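Enquirer: Mind looking over this structure? Questions follow.
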Amino acid sequence: MKLAVAGVGAMGTRFALKLKQAGNDVTVVDGWDERVASLKKDGLQANLDGKEVAVKVPAYGQKEVPHDLHFDAVFFFTKSMQLEQMVKDMLPVFDDDTLAVCLMNGIGHEQTLEKYLPKERVFLGNTMWTAQMTRPDHVLLEDDGSCELANVQPGEPQHSQAQELVKVLADAGLKAHLLDDPQYSVFRKGCVNGTLNTLCTLLECNVEEYGRTTYAHEMVVNIVKEFAAVGATEGITLDVDEAVNHVEACYTVIGAHYPSMYQDLVKNNRRTEIDYINGYVSRHGKEHGLKTPLCDLLTAEVHTKEELQGAK
């Protein structure tokens with residue numbers, strides 16, 4: 001397939017690299033000038049499962065993408081707060097049959113995509129792969145993972161298109177699966193992000209270290225309950241016990257990992273996606289008259305940490 005990856009940070013690099021290695025025609029697009037310069041000069045550079053790799057691909061800044069390009073699908077891997085501008089900048093390369101795929105952290109991204117694209121061409125899901133940007137020109141890719149997706153509007157040809165996308169990702173070794181309900185999957189992954197990403201960032205620890213603490217289980221359970229309560233207002237029924245088990249499995253599966261929010265704020269002093277994770281629950285809880293004290297507090301604490309550090 002002819003594919004674009006829009007947002008080539010750590011996770012975007014993993015997907016672009018694996019898709020290219022599998023024989024797809026891959027173009028990458030990013031809004032960080034230093035990153036774009038590195039991609040144009042040296043291509044995708046990463047330590048992939050202990051081996052240094054470098055793969056050349058066409059690379060563009062998001063304001064300079066030629067409008068005459070055609071893609072079968074565009075994969076979005078920006079930070080949540082950067083998604084809308086990236087979609088706007090990529091719109092000229094969307095033909096009537098170009099598919100949009102969003103596997104990003106955060107809740108509610110389909111609402112942004114649907115402002116500009118028909119629901120029939122928007123595919124939503126998540127990924128449990130890990131990735132870490134070590135330098136503007138290099139990414140560390142280790143640990144095992146998977147991804148899953150579906151179209152947000154059930155029907156045909158969307159289901160067949162989703163199956164094709166899953167096959168392309170699976171053939172690239174990205175262990176893709178077809179979803180029944182993408183919104184459920186996003187909320188379930190939100191429970192992982194809203195516990196481990198946020199808490200590891202505030203406590204400045206990795207996933208395994210957090211999991212060994214005395215109050216880890218209690219905090220996870222109560223945060224997941226808040227996600228479940230807000231999800232219920234949107235017709236999403238989360239199994240709290242299953243979601244908690246899903247979060248706590250990460251203690252061993254990706255225990256040495258420092259989540260992306262930690263990498264953003266603690267390591268690189270960059271603003272976080274908290275408003276699209278715990279902040280989403282806090283905001284929507286207020287709209288529905290629900291009490292979400294933990295997500296309220298965690299959102300405020302992350303923003304306070306950003307402010308104190310002068311995060312950019």
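Ordering of the structure tokens sets the chain letters (A, B, ...), residue numbers begin anew at 1 in every chain, and ligands are numbered from 1 in the order given.
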Just the residues within 9 Å of Phe227 in chain A, please, counting only C-alpha atoms, with nothing from its chain fewer than 5 positions along; format it as JSON, numbers by chain.
Expert: {"A": [187, 188, 190, 191, 194, 222, 232, 238, 278, 281, 292, 295]}
Enquirer: Find the residues near Gly310 in chain A: any atom within 10 Å, counting only C-alpha atoms, skip ones fewer than 6 places away on the same chain, and give them as a ChimeraX atom specification.
Expert: /A:265,269-271,304
Enquirer: Just C-alpha atoms for this one: save the residues we selected as an mmCIF file, in the first residue's frame.
Expert:
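That gives us out-v8.cif:
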```cif
data_model
loop_
_atom_site.group_PDB
_atom_site.id
_atom_site.type_symbol
_atom_site.label_atom_id
_atom_site.label_comp_id
_atom_site.auth_asym_id
_atom_site.auth_seq_id
_atom_site.Cartn_x
_atom_site.Cartn_y
_atom_site.Cartn_z
ATOM 1 C CA LEU A 265 7.482 16.077 30.571
ATOM 2 C CA ASN A 269 10.195 19.192 29.293
ATOM 3 C CA ARG A 270 7.386 19.163 26.735
ATOM 4 C CA ARG A 271 3.667 19.664 27.362
ATOM 5 C CA THR A 304 1.046 22.347 37.658
#
```
Enquirer: Determine, using only C-alpha atoms, which residues of range 215-303 of chain A have any atom at most 10 Å from an atom of range 105-117 of chain A, and tabulate each with its shortest atom pair and distance in Å to one decimal place, rows ordered by chain and then rising number, as a Markdown table.
Expert:
```
| residue | atom | partner | partner_atom | distance |
| --- | --- | --- | --- | --- |
| A:Ser260 | CA | A:Asn105 | CA | 9.3 |
| A:Glu273 | CA | A:Gly106 | CA | 7.3 |
| A:Ile274 | CA | A:Gly106 | CA | 8.3 |
| A:Asp275 | CA | A:Gly106 | CA | 8.4 |
| A:Tyr276 | CA | A:Gly106 | CA | 4.8 |
| A:Ile277 | CA | A:Gly106 | CA | 5.1 |
| A:Asn278 | CA | A:Gly106 | CA | 8.9 |
| A:Gly279 | CA | A:Ile107 | CA | 9.7 |
| A:Tyr280 | CA | A:Ile107 | CA | 6.9 |
| A:Val281 | CA | A:Ile107 | CA | 8.9 |
```
Enquirer: With only C-alpha atoms as the counted atoms, please give the residues lying no more than 9 Å from range 67-70 of chain A, apart from itself and same-chain residues fewer than 3 positions off, as an mmCIF file with N, CA and C atoms, in the first residue's frame.
Expert:
```
data_model
loop_
_atom_site.group_PDB
_atom_site.id
_atom_site.type_symbol
_atom_site.label_atom_id
_atom_site.label_comp_id
_atom_site.auth_asym_id
_atom_site.auth_seq_id
_atom_site.Cartn_x
_atom_site.Cartn_y
_atom_site.Cartn_z
ATOM 1 N N LYS A 2 0.301 2.336 -0.485
ATOM 2 C CA LYS A 2 0.981 3.634 -0.445
ATOM 3 C C LYS A 2 0.473 4.365 0.790
ATOM 4 N N LEU A 3 1.347 4.558 1.765
ATOM 5 C CA LEU A 3 0.954 5.013 3.088
ATOM 6 C C LEU A 3 1.719 6.262 3.494
ATOM 7 N N GLU A 64 4.726 21.484 4.035
ATOM 8 C CA GLU A 64 5.336 21.427 2.704
ATOM 9 C C GLU A 64 4.985 20.157 1.935
ATOM 10 N N ALA A 73 -3.782 5.282 2.587
ATOM 11 C CA ALA A 73 -4.155 5.540 3.983
ATOM 12 C C ALA A 73 -3.123 6.459 4.619
ATOM 13 N N MET A 90 -2.839 17.990 6.151
ATOM 14 C CA MET A 90 -2.813 16.811 5.294
ATOM 15 C C MET A 90 -4.019 16.708 4.370
ATOM 16 N N LEU A 91 -5.054 17.498 4.596
ATOM 17 C CA LEU A 91 -6.281 17.387 3.802
ATOM 18 C C LEU A 91 -6.062 17.455 2.291
ATOM 19 N N PRO A 92 -5.152 18.305 1.788
ATOM 20 C CA PRO A 92 -4.980 18.371 0.330
ATOM 21 C C PRO A 92 -4.545 17.055 -0.312
ATOM 22 N N VAL A 93 -3.926 16.149 0.450
ATOM 23 C CA VAL A 93 -3.484 14.880 -0.141
ATOM 24 C C VAL A 93 -4.525 13.778 0.027
ATOM 25 N N PHE A 94 -5.668 14.095 0.624
ATOM 26 C CA PHE A 94 -6.734 13.108 0.760
ATOM 27 C C PHE A 94 -7.578 13.094 -0.502
ATOM 28 N N ASP A 95 -7.548 11.954 -1.208
ATOM 29 C CA ASP A 95 -8.476 11.737 -2.312
ATOM 30 C C ASP A 95 -9.795 11.217 -1.752
ATOM 31 N N THR A 98 -9.005 7.950 0.198
ATOM 32 C CA THR A 98 -7.936 7.862 1.185
ATOM 33 C C THR A 98 -8.521 7.623 2.572
#
```
Enquirer: Would you pick out the contacts of Asn24 in chain A at 12 Å or less, using only C-alpha atoms, so that residues sharing its chain but fewer than 2 positions from it are not included, and give the list as a ChimeraX atom specification?
Expert: /A:1-5,15-22,26-27,57,71-73,165,168-169,171-172
Enquirer: Per DSSP on the backbone, what are the alpha helix (DSSP H) residues of range 76-213 of chain A, as a CSV table (one decimal) with N, CA and C atoms, in the first residue's frame?
Expert:
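states-v5.csv, written as the output of this step:
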```
chain,number,residue,atom,x,y,z
A,83,LEU,N,-3.1,17.1,16.7
A,83,LEU,CA,-3.8,16.4,15.7
A,83,LEU,C,-4.6,17.3,14.7
A,84,GLU,N,-5.4,18.2,15.2
A,84,GLU,CA,-6.3,19.0,14.4
A,84,GLU,C,-5.5,19.7,13.3
A,85,GLN,N,-4.4,20.4,13.7
A,85,GLN,CA,-3.6,21.1,12.7
A,85,GLN,C,-3.0,20.1,11.7
A,86,MET,N,-2.5,19.0,12.1
A,86,MET,CA,-2.0,18.0,11.2
A,86,MET,C,-3.0,17.5,10.2
A,87,VAL,N,-4.2,17.3,10.7
A,87,VAL,CA,-5.3,16.9,9.8
A,87,VAL,C,-5.6,18.0,8.7
A,88,LYS,N,-5.6,19.2,9.2
A,88,LYS,CA,-5.8,20.3,8.2
A,88,LYS,C,-4.7,20.4,7.2
A,89,ASP,N,-3.5,20.2,7.6
A,89,ASP,CA,-2.4,20.3,6.7
A,89,ASP,C,-2.3,19.1,5.7
A,90,MET,N,-2.8,18.0,6.2
A,90,MET,CA,-2.8,16.8,5.3
A,90,MET,C,-4.0,16.7,4.4
A,109,HIS,N,-10.5,11.4,19.7
A,109,HIS,CA,-9.8,11.9,18.4
A,109,HIS,C,-10.7,11.7,17.2
A,110,GLU,N,-11.7,10.8,17.2
A,110,GLU,CA,-12.6,10.6,16.1
A,110,GLU,C,-13.4,11.8,15.9
A,111,GLN,N,-13.7,12.6,17.0
A,111,GLN,CA,-14.5,13.8,16.8
A,111,GLN,C,-13.7,14.9,16.1
A,112,THR,N,-12.4,14.9,16.3
A,112,THR,CA,-11.6,15.8,15.5
A,112,THR,C,-11.5,15.4,14.0
A,113,LEU,N,-11.3,14.2,13.8
A,113,LEU,CA,-11.2,13.7,12.4
A,113,LEU,C,-12.5,13.9,11.6
A,158,GLN,N,-16.5,-0.4,4.6
A,158,GLN,CA,-15.6,-0.1,5.7
A,158,GLN,C,-15.0,-1.3,6.4
A,159,HIS,N,-15.8,-2.4,6.6
A,159,HIS,CA,-15.4,-3.6,7.3
A,159,HIS,C,-14.3,-4.2,6.5
A,160,SER,N,-14.5,-4.3,5.2
A,160,SER,CA,-13.4,-4.9,4.3
A,160,SER,C,-12.2,-4.1,4.3
A,161,GLN,N,-12.3,-2.8,4.3
A,161,GLN,CA,-11.2,-1.9,4.4
A,161,GLN,C,-10.4,-2.1,5.7
A,162,ALA,N,-11.1,-2.2,6.8
A,162,ALA,CA,-10.5,-2.4,8.1
A,162,ALA,C,-9.7,-3.8,8.1
A,163,GLN,N,-10.3,-4.8,7.5
A,163,GLN,CA,-9.6,-6.1,7.4
A,163,GLN,C,-8.3,-5.9,6.6
A,164,GLU,N,-8.4,-5.1,5.5
A,164,GLU,CA,-7.2,-4.9,4.7
A,164,GLU,C,-6.1,-4.2,5.5
A,165,LEU,N,-6.5,-3.2,6.2
A,165,LEU,CA,-5.5,-2.4,7.1
A,165,LEU,C,-4.9,-3.3,8.1
A,166,VAL,N,-5.8,-4.2,8.7
A,166,VAL,CA,-5.3,-5.1,9.7
A,166,VAL,C,-4.2,-6.1,9.1
A,167,LYS,N,-4.5,-6.5,7.9
A,167,LYS,CA,-3.6,-7.5,7.3
A,167,LYS,C,-2.3,-6.8,7.0
A,168,VAL,N,-2.3,-5.5,6.5
A,168,VAL,CA,-1.1,-4.8,6.2
A,168,VAL,C,-0.3,-4.6,7.4
A,169,LEU,N,-0.9,-4.3,8.6
A,169,LEU,CA,-0.2,-4.1,9.8
A,169,LEU,C,0.3,-5.4,10.3
A,170,ALA,N,-0.5,-6.5,10.2
A,170,ALA,CA,0.0,-7.8,10.7
A,170,ALA,C,1.1,-8.3,9.9
A,171,ASP,N,1.1,-8.1,8.6
A,171,ASP,CA,2.2,-8.5,7.7
A,171,ASP,C,3.5,-7.8,8.0
A,182,PRO,N,-14.5,0.1,18.4
A,182,PRO,CA,-13.3,0.9,18.6
A,182,PRO,C,-13.4,1.9,19.8
A,183,GLN,N,-14.6,2.5,20.1
A,183,GLN,CA,-14.7,3.4,21.2
A,183,GLN,C,-14.4,2.7,22.5
A,184,TYR,N,-14.9,1.4,22.7
A,184,TYR,CA,-14.6,0.6,23.9
A,184,TYR,C,-13.1,0.4,24.0
A,185,SER,N,-12.4,0.1,22.9
A,185,SER,CA,-11.0,-0.2,22.9
A,185,SER,C,-10.2,1.1,23.3
A,186,VAL,N,-10.7,2.2,22.8
A,186,VAL,CA,-10.0,3.5,23.2
A,186,VAL,C,-10.1,3.8,24.6
A,187,PHE,N,-11.3,3.6,25.2
A,187,PHE,CA,-11.5,3.9,26.6
A,187,PHE,C,-10.7,2.9,27.5
A,188,ARG,N,-10.7,1.7,27.0
A,188,ARG,CA,-9.9,0.6,27.8
A,188,ARG,C,-8.4,1.0,27.8
A,189,LYS,N,-7.9,1.5,26.6
A,189,LYS,CA,-6.5,1.9,26.6
A,189,LYS,C,-6.3,3.2,27.4
A,190,GLY,N,-7.4,4.0,27.4
A,190,GLY,CA,-7.4,5.2,28.2
A,190,GLY,C,-7.1,4.9,29.7
A,191,CYS,N,-7.6,3.8,30.1
A,191,CYS,CA,-7.4,3.4,31.5
A,191,CYS,C,-5.9,3.1,31.8
A,192,VAL,N,-5.2,2.6,30.8
A,192,VAL,CA,-3.8,2.4,30.9
A,192,VAL,C,-3.1,3.7,31.0
A,198,THR,N,0.1,8.8,33.6
A,198,THR,CA,0.0,9.9,34.5
A,198,THR,C,0.8,9.7,35.8
A,199,LEU,N,0.6,8.6,36.4
A,199,LEU,CA,1.2,8.3,37.7
A,199,LEU,C,2.7,8.2,37.6
A,200,CYS,N,3.2,7.5,36.6
A,200,CYS,CA,4.7,7.4,36.4
A,200,CYS,C,5.3,8.7,36.1
A,201,THR,N,4.6,9.6,35.5
A,201,THR,CA,5.1,11.0,35.2
A,201,THR,C,5.2,11.8,36.5
A,202,LEU,N,4.1,11.8,37.3
A,202,LEU,CA,4.1,12.5,38.6
A,202,LEU,C,5.1,12.0,39.6
A,203,LEU,N,5.2,10.6,39.6
A,203,LEU,CA,6.1,10.0,40.6
A,203,LEU,C,7.5,9.7,40.1
A,207,VAL,N,7.2,1.7,34.9
A,207,VAL,CA,5.9,1.0,35.1
A,207,VAL,C,6.1,-0.1,36.2
A,208,GLU,N,7.2,-0.8,36.2
A,208,GLU,CA,7.4,-1.9,37.2
A,208,GLU,C,7.6,-1.3,38.6
A,209,GLU,N,8.4,-0.2,38.6
A,209,GLU,CA,8.6,0.5,39.9
A,209,GLU,C,7.2,0.9,40.5
A,210,TYR,N,6.4,1.5,39.7
A,210,TYR,CA,5.1,1.9,40.2
A,210,TYR,C,4.3,0.7,40.7
A,211,GLY,N,4.3,-0.3,39.9
A,211,GLY,CA,3.5,-1.5,40.3
A,211,GLY,C,3.9,-2.2,41.6
```
Enquirer: Pull the strand (DSSP E or B) assignments for range 23-262 of chain A out of DSSP run on the backbone, and list those residues as a VMD selection string.
Expert: chain A and resid 25 to 30 44 to 48 51 to 55 59 to 61 73 to 76 99 to 102 122 to 127 132 to 135 138 to 141 147 to 151 176 to 178
Enquirer: Which residue gives the smallest distance to Ala37 in chain A among A:Gly23, A:Pro118, A:Pro58, A:Pro154, with only C-alpha atoms counted?
Expert: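 Among the listed residues, the smallest separation from Ala37 in chain A belongs to A:Pro58.
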Enquirer: Which neighbours of Glu248 in chain A fall inside 9 Å, counting only C-alpha atoms, when residues of the same chain fewer than 4 positions from it are skipped, and could you give them as number ranges by chain?
Expert: A: 192, 211, 217, 220, 243-244, 252
Enquirer: With distances taken over only C-alpha atoms, which of A:Asp264, A:Leu290, A:Leu149, A:Lys41 is nearest to Ala228 in chain A?
Expert: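 Looking at the shortest contact to Ala228 in chain A, the residue is A:Leu290.
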Enquirer: Taking only C-alpha atoms into account, which of A:Gly43, A:Gly61, A:Gly12, A:Gly255 comes nearest Val101 in chain A?
Expert: A:Gly12
Enquirer: In Å, rounded to a single decimal, give me how far CA of Ser146 in chain A is from CA of Leu178 in chain A.
Expert: 11.3 Å
